[in-house]
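**Q** Here you go, this is my_file28.cif (mmCIF, C-alpha atoms).
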data_work
#
loop_
_atom_site.label_atom_id
_atom_site.label_comp_id
_atom_site.auth_asym_id
_atom_site.auth_seq_id
_atom_site.Cartn_x
_atom_site.Cartn_y
_atom_site.Cartn_z
CA MET A 1 -94.27 15.39 -86.86
CA THR A 2 -95.37 12.24 -84.98
CA ARG A 3 -95.52 10.45 -88.28
CA THR A 4 -91.71 10.45 -88.49
CA ALA A 5 -90.97 10.69 -84.76
CA ILE A 6 -92.60 7.39 -83.76
CA PRO A 7 -90.83 5.11 -86.28
CA LEU A 8 -87.58 6.96 -85.59
CA ALA A 9 -87.98 6.41 -81.84
CA ILE A 10 -88.71 2.69 -82.41
CA PHE A 11 -85.66 2.40 -84.65
CA LEU A 12 -83.37 4.14 -82.17
CA GLY A 13 -84.75 2.02 -79.32
CA LEU A 14 -84.08 -1.24 -81.19
CA ALA A 15 -80.65 -0.11 -82.38
CA GLY A 16 -79.73 0.76 -78.80
CA LEU A 17 -80.96 -2.61 -77.55
CA PHE A 18 -79.00 -4.54 -80.19
CA TRP A 19 -75.88 -2.50 -79.53
CA TYR A 20 -76.18 -3.20 -75.79
CA VAL A 21 -76.60 -6.96 -76.30
CA LEU A 22 -73.64 -7.12 -78.72
CA GLN A 23 -71.56 -5.19 -76.22
CA GLN A 24 -72.47 -7.67 -73.48
CA MET A 25 -71.56 -10.56 -75.79
CA ASN A 26 -68.17 -9.05 -76.63
CA GLN A 27 -67.38 -8.61 -72.96
CA GLY A 28 -68.36 -12.22 -72.29
CA GLU A 29 -71.15 -11.08 -69.95
CA TYR A 30 -73.82 -12.69 -72.05
CA ASN A 31 -73.69 -15.80 -74.20
CA PRO A 32 -76.86 -16.54 -76.17
CA ARG A 33 -75.81 -20.17 -76.61
CA SER A 34 -75.17 -20.95 -72.97
CA VAL A 35 -77.63 -23.27 -71.28
CA PRO A 36 -78.46 -22.56 -67.64
CA THR A 37 -76.74 -24.96 -65.27
CA GLN A 38 -79.01 -27.52 -63.70
CA PHE A 39 -76.73 -29.39 -61.35
CA ILE A 40 -75.44 -26.82 -58.86
CA GLY A 41 -76.45 -27.89 -55.35
CA ARG A 42 -77.63 -31.30 -56.45
CA THR A 43 -76.14 -34.72 -55.84
CA ALA A 44 -73.65 -35.61 -58.55
CA PRO A 45 -75.01 -38.25 -60.96
CA GLU A 46 -73.36 -41.63 -60.61
CA PHE A 47 -71.42 -42.82 -63.64
CA ALA A 48 -69.63 -46.11 -64.25
CA LEU A 49 -67.22 -45.99 -67.17
CA PRO A 50 -64.36 -48.28 -68.20
CA ASP A 51 -60.94 -46.88 -67.35
CA LEU A 52 -59.23 -45.54 -70.46
CA MET A 53 -55.93 -47.06 -69.36
CA ASP A 54 -57.37 -50.34 -68.16
CA PRO A 55 -60.80 -51.18 -69.65
CA ASP A 56 -61.39 -53.98 -67.15
CA SER A 57 -61.49 -51.54 -64.27
CA ILE A 58 -64.46 -49.21 -63.76
CA VAL A 59 -64.29 -45.51 -62.84
CA ARG A 60 -67.22 -44.34 -60.69
CA THR A 61 -68.44 -41.10 -59.13
CA SER A 62 -68.60 -42.86 -55.74
CA ASP A 63 -64.85 -43.69 -55.90
CA MET A 64 -64.25 -40.05 -55.01
CA ALA A 65 -66.64 -39.83 -52.05
CA GLY A 66 -65.25 -37.91 -49.09
CA GLN A 67 -63.03 -35.51 -51.02
CA VAL A 68 -63.35 -32.36 -53.08
CA TRP A 69 -62.53 -33.14 -56.68
CA LEU A 70 -62.87 -31.92 -60.26
CA LEU A 71 -64.55 -33.74 -63.10
CA ASN A 72 -63.26 -32.67 -66.50
CA VAL A 73 -64.93 -33.64 -69.77
CA TRP A 74 -62.48 -33.61 -72.69
CA GLY A 75 -61.73 -35.11 -76.09
CA THR A 76 -58.80 -35.10 -78.47
CA TRP A 77 -61.09 -33.48 -81.06
CA CYS A 78 -61.58 -30.37 -78.94
CA PRO A 79 -59.04 -27.54 -79.39
CA GLU A 80 -60.12 -25.76 -76.20
CA CYS A 81 -59.19 -28.95 -74.33
CA TRP A 82 -55.63 -28.82 -75.71
CA LYS A 83 -55.51 -25.21 -74.57
CA GLU A 84 -56.44 -25.99 -70.96
CA HIS A 85 -54.41 -29.20 -70.76
CA GLU A 86 -51.26 -27.58 -69.51
CA TYR A 87 -53.17 -25.75 -66.80
CA LEU A 88 -54.82 -29.00 -65.68
CA ILE A 89 -51.36 -30.53 -65.32
CA HIS A 90 -50.33 -27.50 -63.24
CA LEU A 91 -53.37 -27.99 -60.96
CA ALA A 92 -52.75 -31.72 -60.58
CA THR A 93 -49.03 -31.45 -59.83
CA ARG A 94 -48.61 -28.08 -58.05
CA GLU A 95 -51.96 -27.82 -56.27
CA GLN A 96 -52.53 -31.55 -55.77
CA VAL A 97 -56.07 -31.29 -57.12
CA PRO A 98 -57.67 -34.68 -57.78
CA ILE A 99 -59.05 -34.53 -61.33
CA ILE A 100 -61.11 -37.30 -62.87
CA GLY A 101 -61.39 -37.09 -66.63
CA ILE A 102 -64.19 -38.23 -68.88
CA ASN A 103 -62.82 -38.85 -72.34
CA TRP A 104 -65.79 -38.06 -74.53
CA ARG A 105 -66.67 -39.47 -77.97
CA ASP A 106 -63.09 -40.33 -78.72
CA ASP A 107 -60.83 -43.02 -80.02
CA ALA A 108 -59.09 -44.77 -77.11
CA ALA A 109 -55.73 -45.03 -78.90
CA GLU A 110 -55.75 -41.33 -79.85
CA ALA A 111 -56.75 -40.28 -76.34
CA LYS A 112 -53.96 -42.34 -74.80
CA SER A 113 -51.40 -40.97 -77.23
CA MET A 114 -52.45 -37.38 -76.43
CA LEU A 115 -51.95 -38.04 -72.70
CA ALA A 116 -48.61 -39.69 -73.39
CA ARG A 117 -47.51 -36.75 -75.52
CA MET A 118 -48.86 -33.82 -73.46
CA GLY A 119 -48.81 -35.35 -69.98
CA ASN A 120 -51.61 -36.79 -67.91
CA PRO A 121 -53.26 -34.55 -65.31
CA PHE A 122 -55.96 -37.07 -64.45
CA ALA A 123 -56.07 -39.39 -61.45
CA ARG A 124 -58.24 -41.63 -63.64
CA VAL A 125 -60.01 -41.27 -66.97
CA GLY A 126 -63.41 -42.79 -67.77
CA PHE A 127 -63.86 -43.67 -71.43
CA ASP A 128 -67.24 -42.51 -72.79
CA PRO A 129 -67.39 -42.91 -76.58
CA LYS A 130 -71.22 -42.91 -76.70
CA SER A 131 -72.05 -39.99 -74.37
CA ASP A 132 -73.62 -42.27 -71.73
CA ALA A 133 -72.22 -40.43 -68.71
CA VAL A 134 -71.97 -37.14 -70.56
CA ILE A 135 -75.74 -36.93 -71.18
CA ASP A 136 -76.38 -37.95 -67.57
CA TRP A 137 -74.30 -34.98 -66.47
CA GLY A 138 -76.10 -32.58 -68.81
CA VAL A 139 -72.93 -31.80 -70.75
CA TYR A 140 -73.38 -30.31 -74.24
CA GLY A 141 -69.87 -29.20 -75.13
CA ALA A 142 -66.26 -29.78 -74.18
CA PRO A 143 -64.34 -28.88 -72.15
CA GLU A 144 -66.61 -28.71 -69.16
CA THR A 145 -65.43 -28.90 -65.55
CA PHE A 146 -67.49 -29.70 -62.45
CA LEU A 147 -66.50 -29.32 -58.82
CA ILE A 148 -67.92 -31.97 -56.49
CA ASP A 149 -67.57 -31.56 -52.73
CA ALA A 150 -66.89 -34.17 -50.03
CA GLU A 151 -70.62 -34.84 -49.63
CA GLY A 152 -70.94 -35.63 -53.34
CA ILE A 153 -72.80 -32.41 -54.19
CA VAL A 154 -71.98 -30.55 -57.41
CA ARG A 155 -70.94 -27.03 -56.34
CA GLU A 156 -69.57 -25.37 -59.45
CA LYS A 157 -69.46 -25.82 -63.18
CA HIS A 158 -67.35 -24.12 -65.81
CA THR A 159 -67.93 -24.37 -69.56
CA GLY A 160 -64.86 -23.75 -71.70
CA ALA A 161 -61.15 -23.88 -70.98
CA LEU A 162 -60.04 -23.60 -67.36
CA ASN A 163 -57.70 -20.72 -66.57
CA PRO A 164 -56.17 -19.13 -63.45
CA GLN A 165 -58.97 -16.56 -63.10
CA VAL A 166 -61.71 -19.20 -63.11
CA TRP A 167 -59.70 -21.41 -60.78
CA GLN A 168 -59.14 -18.58 -58.29
CA SER A 169 -62.68 -17.28 -58.26
CA LYS A 170 -64.79 -20.40 -58.69
CA PHE A 171 -62.91 -23.51 -57.61
CA LYS A 172 -60.04 -22.71 -55.26
CA PRO A 173 -62.18 -21.53 -52.31
CA TYR A 174 -63.73 -25.00 -51.97
CA PHE A 175 -60.32 -26.68 -51.81
CA ASP A 176 -59.06 -24.07 -49.31
CA ALA A 177 -62.12 -24.62 -47.11
CA ALA A 178 -61.65 -28.40 -47.24
CA ALA A 179 -57.93 -28.05 -46.39
CA GLY A 180 -58.77 -25.70 -43.52
CA ALA A 181 -61.37 -28.09 -42.10
CA SER A 182 -59.13 -31.12 -42.04
CA MET B 1 -80.95 -37.52 -124.89
CA ARG B 2 -83.35 -39.84 -123.24
CA ARG B 3 -80.57 -41.61 -121.40
CA VAL B 4 -79.33 -38.28 -120.02
CA ARG B 5 -82.81 -37.49 -118.70
CA TRP B 6 -83.00 -40.83 -116.96
CA SER B 7 -79.62 -40.44 -115.31
CA VAL B 8 -80.55 -36.96 -114.06
CA LEU B 9 -83.72 -38.41 -112.56
CA LEU B 10 -81.78 -41.21 -110.94
CA ALA B 11 -79.26 -38.77 -109.48
CA CYS B 12 -82.10 -36.69 -108.03
CA LEU B 13 -83.60 -39.75 -106.36
CA VAL B 14 -80.28 -40.83 -104.86
CA LEU B 15 -79.37 -37.33 -103.65
CA ALA B 16 -82.81 -36.80 -102.12
CA VAL B 17 -82.03 -39.53 -99.61
CA ALA B 18 -78.77 -37.85 -98.66
CA THR B 19 -80.53 -34.63 -97.60
CA GLN B 20 -82.32 -36.30 -94.68
CA ALA B 21 -80.55 -35.70 -91.37
CA ARG B 22 -82.00 -38.67 -89.57
CA VAL B 23 -80.31 -41.75 -90.95
CA GLU B 24 -80.58 -44.27 -88.15
CA ILE B 25 -82.63 -47.30 -88.95
CA LEU B 26 -84.60 -48.10 -85.84
CA SER B 27 -87.06 -50.82 -85.07
CA PHE B 28 -89.80 -50.38 -82.50
CA ASP B 29 -91.86 -52.95 -80.63
CA THR B 30 -95.11 -51.11 -81.22
CA PRO B 31 -96.32 -48.30 -83.47
CA ALA B 32 -97.11 -46.36 -80.26
CA ASP B 33 -93.41 -46.49 -79.32
CA GLU B 34 -92.46 -45.18 -82.72
CA ALA B 35 -94.99 -42.36 -82.51
CA ARG B 36 -93.71 -41.43 -79.05
CA TYR B 37 -90.12 -41.42 -80.30
CA ASN B 38 -90.94 -39.26 -83.31
CA LYS B 39 -92.93 -36.81 -81.20
CA LEU B 40 -90.11 -36.50 -78.66
CA ILE B 41 -87.31 -35.90 -81.13
CA ALA B 42 -89.47 -33.29 -82.85
CA GLU B 43 -90.04 -31.42 -79.57
CA LEU B 44 -86.60 -31.66 -77.99
CA ARG B 45 -84.00 -29.06 -78.86
CA CYS B 46 -80.49 -29.84 -80.02
CA LEU B 47 -78.11 -28.15 -77.56
CA VAL B 48 -75.38 -27.62 -80.15
CA CYS B 49 -77.30 -26.13 -83.08
CA GLN B 50 -79.89 -24.47 -80.95
CA ASN B 51 -82.47 -23.59 -83.54
CA GLN B 52 -82.92 -27.18 -84.60
CA ASN B 53 -84.75 -30.01 -82.92
CA LEU B 54 -83.20 -33.41 -82.41
CA ALA B 55 -84.93 -34.80 -85.49
CA ASP B 56 -83.43 -32.19 -87.83
CA SER B 57 -79.96 -31.98 -86.37
CA ASN B 58 -77.02 -34.05 -87.39
CA ALA B 59 -74.72 -32.79 -84.65
CA GLU B 60 -73.03 -35.63 -82.81
CA LEU B 61 -74.69 -34.68 -79.55
CA ALA B 62 -78.09 -34.76 -81.27
CA VAL B 63 -77.32 -38.24 -82.60
CA ASP B 64 -76.44 -39.38 -79.06
CA LEU B 65 -79.53 -37.73 -77.58
CA ARG B 66 -81.70 -39.46 -80.18
CA ARG B 67 -80.10 -42.76 -79.20
CA LYS B 68 -80.77 -42.00 -75.53
CA THR B 69 -84.39 -41.16 -76.38
CA TYR B 70 -84.70 -44.38 -78.35
CA GLU B 71 -83.31 -46.43 -75.47
CA MET B 72 -85.72 -44.85 -73.01
CA VAL B 73 -88.68 -45.36 -75.39
CA SER B 74 -87.68 -49.01 -75.80
CA GLN B 75 -87.56 -49.39 -72.02
CA GLY B 76 -91.22 -48.34 -72.01
CA LYS B 77 -90.66 -44.91 -70.45
CA SER B 78 -93.53 -42.50 -70.98
CA GLU B 79 -93.23 -39.27 -72.95
CA GLN B 80 -93.39 -37.28 -69.70
CA GLU B 81 -90.67 -39.36 -68.04
CA ILE B 82 -88.30 -38.87 -70.96
CA ALA B 83 -89.01 -35.14 -71.18
CA ASP B 84 -88.44 -34.85 -67.40
CA TYR B 85 -85.14 -36.70 -67.73
CA MET B 86 -83.93 -34.21 -70.36
CA VAL B 87 -85.20 -31.16 -68.45
CA GLU B 88 -83.48 -32.37 -65.28
CA ARG B 89 -80.17 -32.34 -67.16
CA TYR B 90 -80.44 -29.55 -69.70
CA GLY B 91 -83.20 -27.36 -68.25
CA GLU B 92 -86.53 -26.31 -69.77
CA PHE B 93 -84.55 -24.86 -72.65
CA VAL B 94 -84.53 -28.33 -74.29
CA LEU B 95 -88.29 -28.23 -74.68
CA TYR B 96 -89.62 -26.55 -77.79
CA ARG B 97 -92.96 -26.33 -75.98
CA PRO B 98 -92.01 -25.33 -72.45
CA PRO B 99 -94.76 -25.50 -69.79
CA LEU B 100 -96.60 -22.28 -68.95
CA THR B 101 -94.86 -20.87 -65.86
CA LYS B 102 -94.02 -17.41 -64.58
CA ASN B 103 -90.74 -17.50 -66.53
CA THR B 104 -92.32 -18.51 -69.82
CA LEU B 105 -95.45 -16.35 -69.52
CA LEU B 106 -94.10 -13.64 -71.84
CA LEU B 107 -92.97 -16.30 -74.32
CA TRP B 108 -96.46 -17.75 -74.53
CA ALA B 109 -98.41 -14.48 -74.30
CA GLY B 110 -96.02 -12.43 -76.49
CA PRO B 111 -97.48 -13.29 -79.91
CA PHE B 112 -101.02 -12.57 -78.69
CA ILE B 113 -99.97 -9.24 -77.18
CA ILE B 114 -98.35 -8.26 -80.49
CA LEU B 115 -101.47 -9.37 -82.36
CA LEU B 116 -103.59 -7.26 -80.02
CA ILE B 117 -101.38 -4.21 -80.60
CA GLY B 118 -101.55 -4.74 -84.36
CA VAL B 119 -105.33 -5.10 -84.40
CA SER B 120 -105.87 -2.04 -82.20
CA LEU B 121 -103.57 0.05 -84.41
CA LEU B 122 -105.46 -1.15 -87.47
CA ILE B 123 -108.84 -0.27 -85.93
CA ARG B 124 -107.57 3.15 -84.87
CA THR B 125 -106.27 3.87 -88.36
CA ILE B 126 -109.56 2.83 -89.97
CA LEU B 127 -111.61 4.93 -87.55
CA ARG B 128 -109.41 7.96 -88.02
CA ARG B 129 -109.67 7.69 -91.78
CA ARG B 130 -113.46 7.54 -91.50
CA VAL B 131 -113.52 10.67 -89.33
CA GLU B 132 -111.31 12.48 -91.86
CA GLN B 133 -113.67 11.55 -94.68
CA ASP B 134 -116.68 12.77 -92.67
CA ALA B 135 -114.84 15.93 -91.85
CA GLY B 136 -114.63 16.68 -95.60
CA VAL B 137 -118.00 18.44 -95.10
CA ASP B 138 -117.61 20.99 -92.33
CA ALA B 139 -120.25 22.20 -89.93
CA ALA B 140 -120.71 25.58 -91.65
CA SER B 141 -121.53 23.95 -95.00
CA ILE B 142 -124.02 21.63 -93.31
CA GLN B 143 -125.68 24.59 -91.65
CA ASN B 144 -125.69 26.45 -94.93
CA ALA B 145 -127.31 23.48 -96.67
CA ALA B 146 -129.89 23.11 -93.90
CA SER B 147 -130.88 26.76 -94.04
CA LEU B 148 -131.15 26.57 -97.85
CA LEU B 149 -133.43 23.56 -97.53
CA ASP B 150 -135.43 25.28 -94.85
CA SER B 151 -135.93 28.39 -96.95
CA GLU B 152 -136.94 26.20 -99.94
CA ARG B 153 -139.47 24.41 -97.76
CA GLU B 154 -140.85 27.74 -96.46
CA LYS B 155 -141.22 29.04 -100.01
CA ARG B 156 -143.08 25.88 -101.04
CA ASP B 157 -145.35 25.88 -98.00
CA ALA B 158 -146.14 29.53 -98.34
#
What does this structure look like when you write it as structure tokens?
**A**
Amino acid sequence: MTRTAIPLAIFLGLAGLFWYVLQQMNQGEYNPRSVPTQFIGRTAPEFALPDLMDPDSIVRTSDMAGQVWLLNVWGTWCPECWKEHEYLIHLATREQVPIIGINWRDDAAEAKSMLARMGNPFARVGFDPKSDAVIDWGVYGAPETFLIDAEGIVREKHTGALNPQVWQSKFKPYFDAAAGAS
Amino acid sequence: MRRVRWSVLLACLVLAVATQARVEILSFDTPADEARYNKLIAELRCLVCQNQNLADSNAELAVDLRRKTYEMVSQGKSEQEIADYMVERYGEFVLYRPPLTKNTLLLWAGPFIILLIGVSLLIRTILRRRVEQDAGVDAASIQNAASLLDSEREKRDA
């Protein structure tokens, strides 16, 4: 009796566990590839990148001190970035959200032509072909969006395309609070 | 025929080079720097193809992280400093040998716990088998044998 019952119980236990994990993955509750965020609540790393539009000028984290802003890492090679592009334009124009872009591992001419073709949601874009700033920010995939508050602290991070749900739940409250305070 | 064999050999040699992921040609100031670099890229995880280390991966991020590691090694940063830099940004997940903390206790102890379970099951099985073999002769037969021996002895002594 126990000779068959024990292996059967082990099998059923494992099958149940695997089914549960797959279920969680399908619902987007659990992603085995996601890396825990390190930066929330910490001072945003300083970057200094040449401006995509004007390589002589430098884009820095400290340029944005004193305001709540978004940092968006993107590249023309990343389909998810095309997907969220329209929504970024909506945020920049309708909600007046200051967005700084980091154009990652890209060709400057291609990046500029994409912005010309699809519109430019960014206040400024830092050009980072060799992942200098991207590694400093602990980014491992694009798109990735950070929210930095007026004190220069990273408050939120979102991996993957931005959408209204994420904006409402994660990012908007910080902008509302800042607008209410001023 | 001979020429064919030679060209096959040559093709093998050329293709063998192509299978190596790490293609950068790097120069180091000291052999210690080189050893430190090689140790680090073997023990840091690629964040894109997560079951590979930086040395094995050819993902673009891995290439950039190798370059970052190389730069830091060239600046004379110690192994610990470079590992700390990566952990600060990507978390302990980047380390293939994470430090022993409360979070990683199960990770480190797990294999030994499983070994312990395996060994104890093995010992139990062996012991049970031995008991079953012993039990092949039951108590009644032993008693029977003893009384037979006793009666034999009595006969002889008498």
**Q** I'd like to see the residues matched by the PyMOL selection byres ((chain A) within 7 of (chain B)) on this file, and ideally I'd get them as a ChimeraX atom specification.
**A** /A:36,38,130-131,136-138,140
**Q** Taking the file as I've supplied it (selection: the PyMOL selection byres ((chain A and resi 174) around 12)), which residues are included? Please answer as a list in words.
**A**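 Going through the file, the PyMOL selection byres ((chain A and resi 174) around 12) ends up selecting Gln67, Val68, Trp69, Leu70, Val97, Leu147, Ile148, Asp149, Ala150, Ile153, Val154, Arg155, Glu156, Trp167, Gln168, Ser169, Lys170, Phe171, Lys172, Pro173, Phe175, Asp176, Ala177, Ala178, Ala179, Gly180 and Ala181 of chain A.
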**Q** So that I can check the surroundings of Tyr96 of chain B, please list as number ranges by chain every protein, DNA and RNA residue that reaches within 12 Å of it, counting only C-alpha atoms and ignoring chain neighbours fewer than 5 positions away.
**A** B: 39-47, 50-54, 83, 87, 91, 104, 107-108
**Q** Could you tell me how far atom CA of Thr101 of chain B lies from atom CA of Arg66 of chain B, in Å and to one decimal?
**A**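 Spanning atom CA of Thr101 of chain B to atom CA of Arg66 of chain B is a straight-line distance of 26.9 Å.
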**Q** With 9 Å as the threshold, what does the neighbourhood of (-59.0, -31.8, -74.5) contain in terms of residues, counting all atoms listed in the file? Coordinates are those of the file; answer as a ChimeraX atom specification.
**A** /A:73-85,103,111,114,142-143,161
**Q** Any idea what the distance is between atom CA of Gly66 of chain A and atom CA of Met53 of chain A?
**A** 24.1 Å
**Q** Applying the PyMOL selection byres ((chain A and resi 159) around 7) to the file I just gave you, which residues come out? Please list them as a VMD selection string.
**A** chain A and resid 143 to 145 157 to 158 160 to 161
**Q** Restricting the output to C-alpha atoms, write the selected residues as a compact mmCIF listing (two decimals), in the coordinates of the input.
**A**
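Final output, saved to part.txt:
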# COMPACT_ATOMS: atom_id res chain seq x y z
CA PRO A 143 -64.34 -28.88 -72.15
CA GLU A 144 -66.61 -28.71 -69.16
CA THR A 145 -65.43 -28.90 -65.55
CA LYS A 157 -69.46 -25.82 -63.18
CA HIS A 158 -67.35 -24.12 -65.81
CA GLY A 160 -64.86 -23.75 -71.70
CA ALA A 161 -61.15 -23.88 -70.98
**Q** Tell me which protein, DNA and RNA residues are within 9 Å of Ser62 of chain A, counting all atoms listed in the file, leaving out same-chain ones fewer than 4 positions away, and put them as a list in words.
**A**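 The neighbour list is Glu46, Phe47, Gly66 and Gly152 of chain A.
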**Q** Just the number, please: distance in Å from atom CA of Gln24 of chain A to atom CA of Ile10 of chain A, one decimal.
**A**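 About the pair atom CA of Gln24 of chain A and atom CA of Ile10 of chain A: they are 21.2 Å apart.
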**Q** Could you give me, as a list of chain:residue names, the residues that have an atom at most 12 Å away from the point (-53.0, -30.5, -59.9) in the coordinates of the file, using all atoms listed in the file?
**A**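 Those within range, by chain then number, are A:Trp69, A:Leu70, A:His85, A:Glu86, A:Tyr87, A:Leu88, A:Ile89, A:His90, A:Leu91, A:Ala92, A:Thr93, A:Arg94, A:Glu95, A:Gln96, A:Val97, A:Pro98, A:Ile99, A:Ile100, A:Gly119, A:Asn120, A:Pro121, A:Phe122, A:Ala123, A:Trp167, A:Lys172, A:Phe175.
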**Q** Which one is closest to Phe146 of chain A: A:Met25, A:Val166, A:Leu71, A:Ala116? Count only C-alpha atoms.
**A**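 Of all the options, A:Leu71 lies closest to Phe146 of chain A.
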**Q** Since the input is missing atoms for segment 22-37 of chain A, could you rebuild it with N, CA and C atoms and give the result as a compact mmCIF listing (two decimals), keeping the file's coordinate frame?
**A**
# COMPACT_ATOMS: atom_id res chain seq x y z
N LEU A 22 -74.92 -6.78 -78.08
CA LEU A 22 -73.64 -7.12 -78.72
C LEU A 22 -72.48 -6.78 -77.80
N GLN A 23 -72.60 -5.63 -77.14
CA GLN A 23 -71.56 -5.19 -76.22
C GLN A 23 -71.38 -6.22 -75.09
N GLN A 24 -72.50 -6.67 -74.55
CA GLN A 24 -72.47 -7.67 -73.48
C GLN A 24 -71.84 -8.96 -73.96
N MET A 25 -72.13 -9.34 -75.23
CA MET A 25 -71.56 -10.56 -75.79
C MET A 25 -70.06 -10.44 -75.95
N ASN A 26 -69.61 -9.25 -76.43
CA ASN A 26 -68.17 -9.05 -76.63
C ASN A 26 -67.41 -9.11 -75.32
N GLN A 27 -68.05 -8.62 -74.26
CA GLN A 27 -67.38 -8.61 -72.96
C GLN A 27 -67.50 -9.96 -72.26
N GLY A 28 -68.20 -10.91 -72.89
CA GLY A 28 -68.36 -12.22 -72.29
C GLY A 28 -69.37 -12.24 -71.15
N GLU A 29 -70.16 -11.14 -71.02
CA GLU A 29 -71.15 -11.08 -69.95
C GLU A 29 -72.37 -11.92 -70.31
N TYR A 30 -72.61 -12.01 -71.61
CA TYR A 30 -73.82 -12.69 -72.05
C TYR A 30 -73.49 -13.61 -73.21
N ASN A 31 -73.91 -14.85 -73.12
CA ASN A 31 -73.69 -15.80 -74.20
C ASN A 31 -75.03 -16.41 -74.59
N PRO A 32 -75.52 -16.07 -75.80
CA PRO A 32 -76.86 -16.54 -76.17
C PRO A 32 -76.94 -18.07 -76.29
N ARG A 33 -75.79 -18.72 -76.43
CA ARG A 33 -75.81 -20.17 -76.61
C ARG A 33 -75.70 -20.93 -75.29
N SER A 34 -75.39 -20.21 -74.21
CA SER A 34 -75.17 -20.95 -72.97
C SER A 34 -76.51 -21.47 -72.42
N VAL A 35 -76.44 -22.64 -71.83
CA VAL A 35 -77.63 -23.27 -71.28
C VAL A 35 -77.50 -23.17 -69.76
N PRO A 36 -78.57 -22.72 -69.08
CA PRO A 36 -78.46 -22.56 -67.64
C PRO A 36 -78.07 -23.88 -66.96
N THR A 37 -77.22 -23.77 -65.97
CA THR A 37 -76.74 -24.96 -65.27
C THR A 37 -77.85 -25.55 -64.40
